[in-house]
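Visitor: Dropping a structure here in structure tokens format, bear with me for questions.
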Amino acid sequence: MNRLHRFFRTPEAIAGAIILALLIVMALAAPLLFPGDPQAIAGPTLLPPFQDWSLPLGTDRLGRDVLAELFHGARTSLAVGLAAAAAALLIGSVIGTLAGFAGGLIDEVLMRITDAFQTVPSFLLALAFVSIVGPSLSVVVAAIALGAWTGPARVARAEVLSIRERDYVAGARVIGMHPLEIAFREVLPNALPPVLALSSVIVAAAILTEAALSFLGLGDPNRVTWGGMIAEGRAVLRTAPFLSVVPGIALMLTVLGVYLAGEGVVESTAVRRSLS
Amino acid sequence: MTVLAVSSLAKRYRRGGKPFAAVDDVSFEIGRAETLALAGPSGSGKSTIARLVLRLIEPDAGRVDFEGADFLALSGAALRARRARIQMVFQDPLAAFNPRVTVARVLDDPLRIHGIAPRAERPRRIAALLERVGLDAGLAARAIHEISGGQRQRVAIARAIATRPTLIVLDEAVSALDVSVRGQILELLLDLQRQERIAYLFISHDLGVIRAVAHRVVILDAGRIAESGDARAVIANPRSAIGKALVAATPRLTRNRP
Amino acid sequence: MTALLSVRDLSVGCRRDRAEAPALKGISLDVKTGERLAIIGESGSGKSTLALAIAGLLARGAKVEGLIGWKQSSLQSPHSFAPPSVLPDISPTRGEISSSAAGSPHATPAIGESGRDSSISPQVGEMSGRTEGGAVERRPFHPRDNPLLGRDIGFVFQDPSSSLDPVMPIGKQIAEVVHTHLGLSWPDSFAQAKTVLDRVRLPDPEAVLHVYPHQLSGGQKQRVAIAAAIAAGPKLLIADEATSALDTIVQAEIVALIRRLVAEDGMTLLFISHDIALAATLADRVAVLRHGELVELGETDQILNAPRHAYTRALLDAHLGLDAEPLLDRQGASA
């Protein structure tokens, strides 16, 4: 409650929260407002926006409702962004905790694997992964997570290395706690805050990566995505630029919203720390 | 009966590239319900010995026999099971606990890990432990950071006695406490020793506290034993240079007693 | 003896979890010029808050009421008062600084206070609970600042590892104090730094000038911190639990060092400690604080032998000295 209050003190955080709230409402309302297949033909082709109020944002080359696609695209963007970030944070913190807590050979091996993943550009990794396994929503999520877990892993490991030396970890050993229980029950929860601070950056990057994959035609073909919409509009960019501009603006606002809200969270926790 | 026998214990570290002996050829024994104090200036190896005895770190040489068996030979599950018998209380009662847990969770852990009580019975055992160390059973629901330093140190003692150990290592366990609280905690420790026949390895830099509660004292200097013997006799008449320096440096209240 | 500084009705509130927690409640005491005054108390007694308030080191946001008045002649440079216009938030009748005025570094004459505060001579310049300061480095130096930390007040903290800059050589840290407050040239400041390092009995002060804090032991670091505190020749030295993190032997050495330096320079000493026995070995007078209130203040001899307050007696009885009756015997336990 107090934390929420502090969160809403900065205008950036408020703007971010409003954008994210709108986006979530869009995603949730999509099947209610636009039941049925958003990829079904709804009217004449290439209808410009604001001409026909039953199709406010017009139609694309195949006569599909752009507004319906936009709403359903929000679902995909949010779902992929959040799922990929959650997977990256989970994998990263588990690997970072194991490496930092176990030390020695396990640490060496895990960190060299992390290095290997970090040296390959994450977008190339995702591209290669989707090309080999085939495009579907879960594969896209996995592909994005594959390139994003190394950051959380490094942060978690650094944090665990310092927590490992604290008295309460020694205390847990003295009462005979199993090392894995110490690592995941005593150490990991206390190492999480700086790792979670990365989440907004990861979510934003995941949304952009998903859009880029879809733009290249590597998204799930059964779902509307903003990246796919932009790619669709590319062929008629001169005659109907709105087909690319509308989803482009949606994408930009989403990433901006995630950043701003994330910044607000970091700010509010920083204030809390300086007070205590 | 000897609870703990340490012989020729040694631990070396590297400091600035040069090896130095943190603990060098240290031997001592502690009997049942006995308090042995380790005294010495900082860097004399007191805390290293505590951590070696508890196997939080491994010695380079020497033997540790606990309750007549080689404690250093144990590993894995056997070591964890044996840890029930040898417990520890730390100096800083705040640092000694996971900052996000409740008092109940702190006391539940040893009972669960060592299978001392089934889940349904544990709340009752936790309440009994709290009462044993002079705390209200209602404290169980509180977060560890909400209670006072003295209460926290009592919780630490409750955790240590939960598994009915024969030896508790007290590493500067009363140094961070206010003097009024310190007296109560020392009384509690002595009471537990009498009732439960617990032996203490009592680490302190404060000769006044050692003299008040310890039977015997070992004075350390640079990782080696400088002298040892009956606590009051050694403090009244120290023979080693470090012993003399420690006694001389201890502040005295010069009161004109009636 | 005249008073170097007078504390009158000093109350300090610290905000914690939105609630106003009083750290000091109406403290009044005089620190006499040249005396060694110990302030003792347990955790939460407010003894450190008092030291910080006198040094002007309280955190921004602390609510301060009351007065800390200084004897004007004790300060090194001539003072003129800051124009009232820079202190819009301070009421002229009551020296009260709310957090909104906390940023003001300037001292103020407490207009209209002379009647209430008669123990201070007329030429005394008063400072209304300066709520922040100490951040001398963070703020532009102002020559009119009333007692200035570093120049007029030397402050020694409990933990030298955190009060010394870890990435600056020792010599530079001390020379900076000299350069800033005494206005000496850098070479002279370094020469002065070497002299004070010699005075705190650090072996080979020439070499110590060039080392970093992490290369020294805890006791040596505290000697360096003391050297930095006395480098500009302050009239008042405040040692806030300066020996609590050290072992008994080093503690005795540091206490002996403080005793010698205070005697040699004629400094006034404010020795903050939780240890009544340690404080008594050093102090002429002892002030006992509890829960933010001054419980008792008296000559050391009177405090030890005829304490008037039950709390002082309890503190004395709780001390476990080398002549106390062991608890083991009191309980009748034996091995």
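Just so we're on the same page: first chain in the structure tokens is A, next is B, and so on; residues restart at 1 for each chain, and ligands are numbered from 1 in the order they show up.
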Show me which bits of chain C are within 7 Å of chain B, counting only C-alpha atoms, as an NGL selection string.
Guide: :C and (42-43 or 247-249 or 252 or 277-278 or 304-305 or 315 or 318-322 or 326-328 or 333 or 335)
Visitor: Quick one: write out the picked residues with C-alpha atoms as an mmCIF file, in the first residue's frame?
Guide:
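Output file result29.cif follows:
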data_model
loop_
_atom_site.group_PDB
_atom_site.id
_atom_site.type_symbol
_atom_site.label_atom_id
_atom_site.label_comp_id
_atom_site.auth_asym_id
_atom_site.auth_seq_id
_atom_site.Cartn_x
_atom_site.Cartn_y
_atom_site.Cartn_z
ATOM 1 C CA GLU C 42 22.698 1.414 25.945
ATOM 2 C CA SER C 43 21.452 1.002 22.410
ATOM 3 C CA ASP C 247 39.667 -5.925 20.795
ATOM 4 C CA THR C 248 40.488 -5.249 24.432
ATOM 5 C CA ILE C 249 44.208 -4.654 23.973
ATOM 6 C CA ALA C 252 43.253 0.215 25.726
ATOM 7 C CA ALA C 277 33.927 1.066 33.046
ATOM 8 C CA LEU C 278 35.854 2.171 29.968
ATOM 9 C CA LEU C 304 30.728 5.400 40.342
ATOM 10 C CA ASN C 305 30.451 5.648 44.100
ATOM 11 C CA LEU C 315 24.466 -0.288 34.785
ATOM 12 C CA ALA C 318 25.651 -5.253 35.366
ATOM 13 C CA HIS C 319 29.321 -4.639 34.680
ATOM 14 C CA LEU C 320 31.266 -7.882 34.765
ATOM 15 C CA GLY C 321 34.694 -6.822 35.933
ATOM 16 C CA LEU C 322 37.674 -8.857 36.937
ATOM 17 C CA PRO C 326 31.283 -14.937 39.031
ATOM 18 C CA LEU C 327 27.772 -15.847 37.947
ATOM 19 C CA LEU C 328 28.780 -19.485 38.162
ATOM 20 C CA ALA C 333 26.715 -24.541 39.455
ATOM 21 C CA ALA C 335 31.686 -28.482 36.548
#
Visitor: With only C-alpha atoms counted and 6 Å as the cut-off, give the residues of chain B in contact with chain A, each with its shortest interatomic distance in Å and the pair that gives it, as JSON lines.
Guide:
{"residue": "B:Arg80", "atom": "CA", "partner": "A:Gly176", "partner_atom": "CA", "distance": 4.4}
{"residue": "B:Arg83", "atom": "CA", "partner": "A:Gly176", "partner_atom": "CA", "distance": 5.6}
{"residue": "B:Ala95", "atom": "CA", "partner": "A:Asp167", "partner_atom": "CA", "distance": 5.7}
{"residue": "B:Ala96", "atom": "CA", "partner": "A:Tyr168", "partner_atom": "CA", "distance": 4.2}
{"residue": "B:Phe97", "atom": "CA", "partner": "A:Tyr168", "partner_atom": "CA", "distance": 4.7}
{"residue": "B:Asn98", "atom": "CA", "partner": "A:Tyr168", "partner_atom": "CA", "distance": 5.7}
{"residue": "B:Pro110", "atom": "CA", "partner": "A:Ile175", "partner_atom": "CA", "distance": 5.8}
Visitor: May I have the residues from that selection written out with N, CA and C atoms, as a PDB file, in the first residue's frame?
Guide:
ATOM      1  N   ARG B  80      25.376 -34.244   8.425  1.00  0.00           N
ATOM      2  CA  ARG B  80      24.219 -33.398   8.717  1.00  0.00           C
ATOM      3  C   ARG B  80      23.420 -33.932   9.900  1.00  0.00           C
ATOM      4  N   ARG B  83      25.134 -33.109  13.155  1.00  0.00           N
ATOM      5  CA  ARG B  83      25.121 -31.689  13.518  1.00  0.00           C
ATOM      6  C   ARG B  83      24.059 -31.373  14.566  1.00  0.00           C
ATOM      7  N   ALA B  95      22.236 -10.896  12.010  1.00  0.00           N
ATOM      8  CA  ALA B  95      22.877 -11.529  10.858  1.00  0.00           C
ATOM      9  C   ALA B  95      22.728 -13.044  10.878  1.00  0.00           C
ATOM     10  N   ALA B  96      22.413 -13.598  12.044  1.00  0.00           N
ATOM     11  CA  ALA B  96      22.381 -15.052  12.176  1.00  0.00           C
ATOM     12  C   ALA B  96      21.110 -15.680  11.611  1.00  0.00           C
ATOM     13  N   PHE B  97      20.144 -14.834  11.237  1.00  0.00           N
ATOM     14  CA  PHE B  97      18.888 -15.383  10.713  1.00  0.00           C
ATOM     15  C   PHE B  97      18.594 -14.842   9.326  1.00  0.00           C
ATOM     16  N   ASN B  98      18.014 -15.690   8.511  1.00  0.00           N
ATOM     17  CA  ASN B  98      17.456 -15.270   7.232  1.00  0.00           C
ATOM     18  C   ASN B  98      16.514 -14.101   7.493  1.00  0.00           C
ATOM     19  N   PRO B 110      15.103 -26.879  12.572  1.00  0.00           N
ATOM     20  CA  PRO B 110      15.827 -28.009  13.178  1.00  0.00           C
ATOM     21  C   PRO B 110      14.900 -29.174  13.543  1.00  0.00           C
TER      22      PRO B 110
END
Visitor: Check the DSSP output for the backbone and give back, as a PDB file with C-alpha atoms, in the first residue's frame, the residues of region 196-323 of chain C in strand (DSSP E or B).
Guide:
ATOM      1  CA  LEU C 236      36.510  19.607  20.529  1.00  0.00           C
ATOM      2  CA  LEU C 237      37.158  15.939  19.838  1.00  0.00           C
ATOM      3  CA  ILE C 238      34.128  13.653  19.646  1.00  0.00           C
ATOM      4  CA  ALA C 239      34.810   9.918  19.820  1.00  0.00           C
ATOM      5  CA  ASP C 240      31.605   8.003  19.052  1.00  0.00           C
ATOM      6  CA  THR C 268      37.764  19.118  25.037  1.00  0.00           C
ATOM      7  CA  LEU C 269      36.696  15.486  24.717  1.00  0.00           C
ATOM      8  CA  LEU C 270      33.256  14.037  24.232  1.00  0.00           C
ATOM      9  CA  PHE C 271      33.620  10.279  24.667  1.00  0.00           C
ATOM     10  CA  ILE C 272      30.542   8.304  23.637  1.00  0.00           C
ATOM     11  CA  SER C 273      30.466   4.712  24.890  1.00  0.00           C
ATOM     12  CA  ARG C 285      32.400  13.724  34.163  1.00  0.00           C
ATOM     13  CA  VAL C 286      29.887  11.135  33.019  1.00  0.00           C
ATOM     14  CA  ALA C 287      26.439  11.731  31.521  1.00  0.00           C
ATOM     15  CA  VAL C 288      24.075   8.744  31.547  1.00  0.00           C
ATOM     16  CA  LEU C 289      21.431   8.618  28.810  1.00  0.00           C
ATOM     17  CA  ARG C 290      18.452   6.311  28.613  1.00  0.00           C
ATOM     18  CA  GLU C 293      16.673  11.353  28.252  1.00  0.00           C
ATOM     19  CA  LEU C 294      19.524  12.527  30.439  1.00  0.00           C
ATOM     20  CA  VAL C 295      19.242  10.317  33.486  1.00  0.00           C
ATOM     21  CA  GLU C 296      22.207  11.557  35.454  1.00  0.00           C
ATOM     22  CA  LEU C 297      25.223  13.811  35.002  1.00  0.00           C
ATOM     23  CA  GLY C 298      28.015  14.063  37.527  1.00  0.00           C
ATOM     24  CA  GLU C 299      31.678  13.807  38.347  1.00  0.00           C
TER      25      GLU C 299
END
Visitor: May I have the residues within 9 Å of Ala232 (chain C) as a VMD selection string, using only C-alpha atoms and disregarding those fewer than 3 positions away in the same chain?
Guide: chain C and resid 150 to 152 154 177 to 182 228 to 229
Visitor: Any idea what the distance is between CA of Val133 (chain B) and CA of Ala158 (chain B)?
Guide: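 Between CA of Val133 (chain B) and CA of Ala158 (chain B) the gap is 6.2 Å.
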Visitor: Report as a PyMOL selection string: the residues of region 126-236 of chain C with a DSSP assignment of alpha helix (DSSP H), based on the backbone of this structure.
Guide: chain C and resi 160-163+170-182+186-199+205-208+218-230
Visitor: Please produce a file of those selected residues containing N, CA and C atoms, as a short mmCIF file (atom, residue, chain, number, x, y, z; two decimals), in the first residue's frame.
Guide:
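Now in result34.cif:
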data_model
loop_
_atom_site.label_atom_id
_atom_site.label_comp_id
_atom_site.auth_asym_id
_atom_site.auth_seq_id
_atom_site.Cartn_x
_atom_site.Cartn_y
_atom_site.Cartn_z
N PRO C 160 36.34 2.61 11.47
CA PRO C 160 37.24 3.39 10.62
C PRO C 160 37.21 2.91 9.17
N SER C 161 36.80 1.65 8.95
CA SER C 161 36.77 1.16 7.56
C SER C 161 35.75 1.92 6.73
N SER C 162 34.68 2.38 7.37
CA SER C 162 33.68 3.09 6.59
C SER C 162 33.84 4.60 6.69
N SER C 163 34.62 5.10 7.64
CA SER C 163 34.78 6.56 7.71
C SER C 163 35.98 7.02 6.88
N ILE C 170 46.18 7.42 2.54
CA ILE C 170 46.00 7.99 3.87
C ILE C 170 46.49 9.44 3.93
N GLY C 171 47.69 9.68 3.37
CA GLY C 171 48.29 11.02 3.45
C GLY C 171 47.39 12.07 2.82
N LYS C 172 46.82 11.73 1.68
CA LYS C 172 45.94 12.67 0.96
C LYS C 172 44.72 13.00 1.81
N GLN C 173 44.16 11.95 2.46
CA GLN C 173 42.94 12.16 3.25
C GLN C 173 43.19 13.13 4.39
N ILE C 174 44.36 12.99 5.02
CA ILE C 174 44.65 13.88 6.16
C ILE C 174 45.06 15.26 5.65
N ALA C 175 45.88 15.27 4.59
CA ALA C 175 46.34 16.56 4.04
C ALA C 175 45.15 17.39 3.56
N GLU C 176 44.13 16.71 3.08
CA GLU C 176 42.94 17.41 2.60
C GLU C 176 42.26 18.20 3.72
N VAL C 177 42.21 17.56 4.90
CA VAL C 177 41.63 18.23 6.06
C VAL C 177 42.43 19.50 6.37
N VAL C 178 43.76 19.36 6.37
CA VAL C 178 44.64 20.48 6.70
C VAL C 178 44.50 21.58 5.64
N HIS C 179 44.54 21.16 4.39
CA HIS C 179 44.47 22.10 3.28
C HIS C 179 43.15 22.88 3.31
N THR C 180 42.06 22.15 3.53
CA THR C 180 40.74 22.77 3.52
C THR C 180 40.56 23.75 4.68
N HIS C 181 40.94 23.29 5.88
CA HIS C 181 40.58 24.07 7.06
C HIS C 181 41.64 25.06 7.49
N LEU C 182 42.90 24.75 7.25
CA LEU C 182 43.96 25.67 7.68
C LEU C 182 44.50 26.48 6.52
N TRP C 186 49.59 22.57 -0.45
CA TRP C 186 49.59 21.10 -0.44
C TRP C 186 50.85 20.51 0.16
N PRO C 187 52.06 21.00 -0.22
CA PRO C 187 53.26 20.40 0.41
C PRO C 187 53.25 20.58 1.93
N ASP C 188 52.85 21.77 2.40
CA ASP C 188 52.79 21.98 3.84
C ASP C 188 51.74 21.07 4.48
N SER C 189 50.62 20.88 3.74
CA SER C 189 49.56 20.02 4.28
C SER C 189 50.05 18.59 4.44
N PHE C 190 50.83 18.13 3.46
CA PHE C 190 51.36 16.76 3.57
C PHE C 190 52.37 16.66 4.71
N ALA C 191 53.17 17.71 4.89
CA ALA C 191 54.12 17.71 6.00
C ALA C 191 53.38 17.64 7.33
N GLN C 192 52.27 18.42 7.40
CA GLN C 192 51.45 18.41 8.61
C GLN C 192 50.81 17.03 8.83
N ALA C 193 50.37 16.40 7.71
CA ALA C 193 49.78 15.07 7.79
C ALA C 193 50.79 14.09 8.38
N LYS C 194 52.03 14.21 7.94
CA LYS C 194 53.07 13.32 8.45
C LYS C 194 53.28 13.55 9.95
N THR C 195 53.24 14.81 10.35
CA THR C 195 53.42 15.12 11.77
C THR C 195 52.30 14.50 12.61
N VAL C 196 51.03 14.61 12.15
CA VAL C 196 49.96 14.04 12.97
C VAL C 196 50.00 12.52 12.96
N LEU C 197 50.42 11.93 11.85
CA LEU C 197 50.55 10.46 11.84
C LEU C 197 51.60 10.02 12.84
N ASP C 198 52.65 10.82 12.96
CA ASP C 198 53.67 10.54 13.95
C ASP C 198 53.09 10.69 15.36
N ARG C 199 52.24 11.70 15.52
CA ARG C 199 51.67 11.95 16.85
C ARG C 199 50.72 10.83 17.29
N PRO C 205 55.57 6.92 9.68
CA PRO C 205 54.51 7.77 9.10
C PRO C 205 54.76 8.13 7.65
N GLU C 206 56.03 8.24 7.27
CA GLU C 206 56.36 8.55 5.87
C GLU C 206 55.74 7.50 4.93
N ALA C 207 55.85 6.21 5.33
CA ALA C 207 55.30 5.13 4.50
C ALA C 207 53.78 5.12 4.56
N VAL C 208 53.24 5.40 5.74
CA VAL C 208 51.79 5.34 5.91
C VAL C 208 51.09 6.39 5.03
N GLY C 218 42.78 -2.91 11.96
CA GLY C 218 41.69 -2.13 12.53
C GLY C 218 42.18 -1.04 13.48
N GLY C 219 43.14 -1.40 14.32
CA GLY C 219 43.67 -0.44 15.28
C GLY C 219 44.43 0.68 14.58
N GLN C 220 45.21 0.31 13.55
CA GLN C 220 45.96 1.33 12.80
C GLN C 220 45.02 2.27 12.07
N LYS C 221 43.93 1.69 11.50
CA LYS C 221 42.96 2.52 10.80
C LYS C 221 42.34 3.53 11.77
N GLN C 222 42.05 3.07 12.99
CA GLN C 222 41.44 4.00 13.94
C GLN C 222 42.45 5.09 14.31
N ARG C 223 43.74 4.76 14.36
CA ARG C 223 44.75 5.80 14.62
C ARG C 223 44.76 6.82 13.47
N VAL C 224 44.61 6.32 12.24
CA VAL C 224 44.56 7.23 11.10
C VAL C 224 43.32 8.13 11.20
N ALA C 225 42.19 7.53 11.56
CA ALA C 225 40.95 8.31 11.68
C ALA C 225 41.11 9.39 12.75
N ILE C 226 41.81 9.04 13.84
CA ILE C 226 42.05 10.04 14.90
C ILE C 226 42.98 11.13 14.36
N ALA C 227 44.00 10.72 13.60
CA ALA C 227 44.93 11.70 13.02
C ALA C 227 44.16 12.68 12.13
N ALA C 228 43.26 12.15 11.32
CA ALA C 228 42.47 13.03 10.43
C ALA C 228 41.59 13.96 11.26
N ALA C 229 41.05 13.44 12.37
CA ALA C 229 40.15 14.24 13.20
C ALA C 229 40.88 15.39 13.88
N ILE C 230 42.16 15.19 14.26
CA ILE C 230 42.86 16.24 15.00
C ILE C 230 43.76 17.07 14.09
#
Visitor: Give me the residues near Phe71 (chain B) as a PDB file with C-alpha atoms, in the first residue's frame, where near means some atom within 10 Å (using only C-alpha atoms) and where sequence neighbours in that chain fewer than 4 positions away do not count.
Guide:
ATOM      1  CA  LEU B   4      34.885 -32.658  22.479  1.00  0.00           C
ATOM      2  CA  ALA B   5      38.571 -33.415  22.033  1.00  0.00           C
ATOM      3  CA  VAL B  53      35.081 -27.459  15.276  1.00  0.00           C
ATOM      4  CA  LEU B  54      31.688 -26.996  13.580  1.00  0.00           C
ATOM      5  CA  ARG B  55      33.156 -28.020  10.218  1.00  0.00           C
ATOM      6  CA  ARG B  63      41.802 -34.280  14.864  1.00  0.00           C
ATOM      7  CA  VAL B  64      38.371 -33.383  16.155  1.00  0.00           C
ATOM      8  CA  ASP B  65      36.674 -36.087  18.211  1.00  0.00           C
ATOM      9  CA  PHE B  66      33.086 -35.397  19.160  1.00  0.00           C
ATOM     10  CA  GLU B  67      31.387 -37.689  21.670  1.00  0.00           C
ATOM     11  CA  SER B  75      30.400 -36.305   5.378  1.00  0.00           C
ATOM     12  CA  LEU B  79      27.529 -35.240   8.978  1.00  0.00           C
ATOM     13  CA  ARG B  82      25.440 -35.484  13.580  1.00  0.00           C
ATOM     14  CA  ARG B  83      25.121 -31.689  13.518  1.00  0.00           C
TER      15      ARG B  83
END
Visitor: To one decimal in Å, tell me the separation between CA of Glu131 (chain B) and CA of Arg100 (chain B).
Guide: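 Between CA of Glu131 (chain B) and CA of Arg100 (chain B) the gap is 22.9 Å.
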Visitor: Looking at A:Pro121, A:Pro194, A:Pro247, A:Pro241, which one is nearest to Leu46 (chain A), with distances taken over only C-alpha atoms?
Guide: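 Between A:Pro121, A:Pro194, A:Pro247, A:Pro241, the residue approaching Leu46 (chain A) most closely is A:Pro241.
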Visitor: In Å to one decimal, how far is CA of Glu165 (chain A) from CA of Val106 (chain B)?
Guide: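 Between CA of Val106 (chain B) and CA of Glu165 (chain A) the gap is 18.8 Å.
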Visitor: What lies within 6 Å of Gly223 (chain B) using only C-alpha atoms, ignoring chain neighbours under 5 positions off, as a list in words?
Guide: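 My list of contacting residues is Ala22, Val23, Asp24, Ser44 and Gly45 of chain B.
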Visitor: Counting only C-alpha atoms, which residues of region 58-78 of chain A fall within 12 Å of region 195-206 of chain A, and what is the closest atom pair for each with its distance in Å at one decimal, ordered by chain and rising number, as a Markdown table?
Guide:
| residue | atom | partner | partner_atom | distance |
| --- | --- | --- | --- | --- |
| A:Thr76 | CA | A:Ala206 | CA | 11.6 |
| A:Ser77 | CA | A:Ala206 | CA | 8.7 |
| A:Leu78 | CA | A:Val203 | CA | 8.7 |
Visitor: May I have the selected residues written with C-alpha atoms, as an mmCIF file, in the first residue's frame?
Guide:
data_model
loop_
_atom_site.group_PDB
_atom_site.id
_atom_site.type_symbol
_atom_site.label_atom_id
_atom_site.label_comp_id
_atom_site.auth_asym_id
_atom_site.auth_seq_id
_atom_site.Cartn_x
_atom_site.Cartn_y
_atom_site.Cartn_z
ATOM 1 C CA THR A 76 0.525 -12.290 -28.306
ATOM 2 C CA SER A 77 3.012 -9.530 -27.533
ATOM 3 C CA LEU A 78 2.207 -9.505 -23.827
#
Visitor: Within 10 Å of Val246 (chain A), counting only C-alpha atoms, which residues qualify if same-chain residues fewer than 5 places away don't, as an MDAnalysis selection string?
Guide: chainID A and resid 57 66:67 70 226 229:230 233 241 251
Visitor: Those same residues - N, CA and C atoms - I'd like them written as a PDB file, in the first residue's frame.
Guide:
ATOM      1  N   LEU A  57     -10.122   1.325 -37.864  1.00  0.00           N
ATOM      2  CA  LEU A  57      -8.738   1.480 -38.316  1.00  0.00           C
ATOM      3  C   LEU A  57      -8.531   0.907 -39.715  1.00  0.00           C
ATOM      4  N   VAL A  66      -8.115  -4.198 -39.028  1.00  0.00           N
ATOM      5  CA  VAL A  66      -6.842  -3.838 -38.397  1.00  0.00           C
ATOM      6  C   VAL A  66      -6.994  -3.696 -36.884  1.00  0.00           C
ATOM      7  N   LEU A  67      -8.114  -3.084 -36.427  1.00  0.00           N
ATOM      8  CA  LEU A  67      -8.311  -2.899 -34.991  1.00  0.00           C
ATOM      9  C   LEU A  67      -8.384  -4.246 -34.271  1.00  0.00           C
ATOM     10  N   LEU A  70      -5.008  -5.615 -34.083  1.00  0.00           N
ATOM     11  CA  LEU A  70      -4.220  -4.894 -33.083  1.00  0.00           C
ATOM     12  C   LEU A  70      -4.506  -5.433 -31.677  1.00  0.00           C
ATOM     13  N   TRP A 226       2.060  -8.181 -33.828  1.00  0.00           N
ATOM     14  CA  TRP A 226       2.319  -6.830 -34.343  1.00  0.00           C
ATOM     15  C   TRP A 226       3.456  -6.861 -35.361  1.00  0.00           C
ATOM     16  N   MET A 229       2.076  -7.931 -38.558  1.00  0.00           N
ATOM     17  CA  MET A 229       1.263  -6.872 -39.164  1.00  0.00           C
ATOM     18  C   MET A 229       2.158  -5.860 -39.885  1.00  0.00           C
ATOM     19  N   ILE A 230       3.267  -5.512 -39.218  1.00  0.00           N
ATOM     20  CA  ILE A 230       4.187  -4.548 -39.849  1.00  0.00           C
ATOM     21  C   ILE A 230       4.728  -5.137 -41.149  1.00  0.00           C
ATOM     22  N   GLY A 233       2.193  -4.974 -43.897  1.00  0.00           N
ATOM     23  CA  GLY A 233       2.009  -3.644 -44.456  1.00  0.00           C
ATOM     24  C   GLY A 233       3.160  -3.181 -45.321  1.00  0.00           C
ATOM     25  N   PRO A 241       0.385   3.372 -45.722  1.00  0.00           N
ATOM     26  CA  PRO A 241       1.400   3.317 -44.659  1.00  0.00           C
ATOM     27  C   PRO A 241       0.807   2.990 -43.279  1.00  0.00           C
ATOM     28  N   LEU A 251       3.637  -0.976 -30.674  1.00  0.00           N
ATOM     29  CA  LEU A 251       4.843  -1.647 -30.188  1.00  0.00           C
ATOM     30  C   LEU A 251       5.709  -0.683 -29.380  1.00  0.00           C
TER      31      LEU A 251
END
Visitor: So, with only C-alpha atoms as the atoms that count, which of B:Ala160, B:Leu135, B:Ala69, B:Val174 lies closest to Gln91 (chain B)?
Guide: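 Among B:Ala160, B:Leu135, B:Ala69, B:Val174, it is B:Val174 that comes nearest to Gln91 (chain B).
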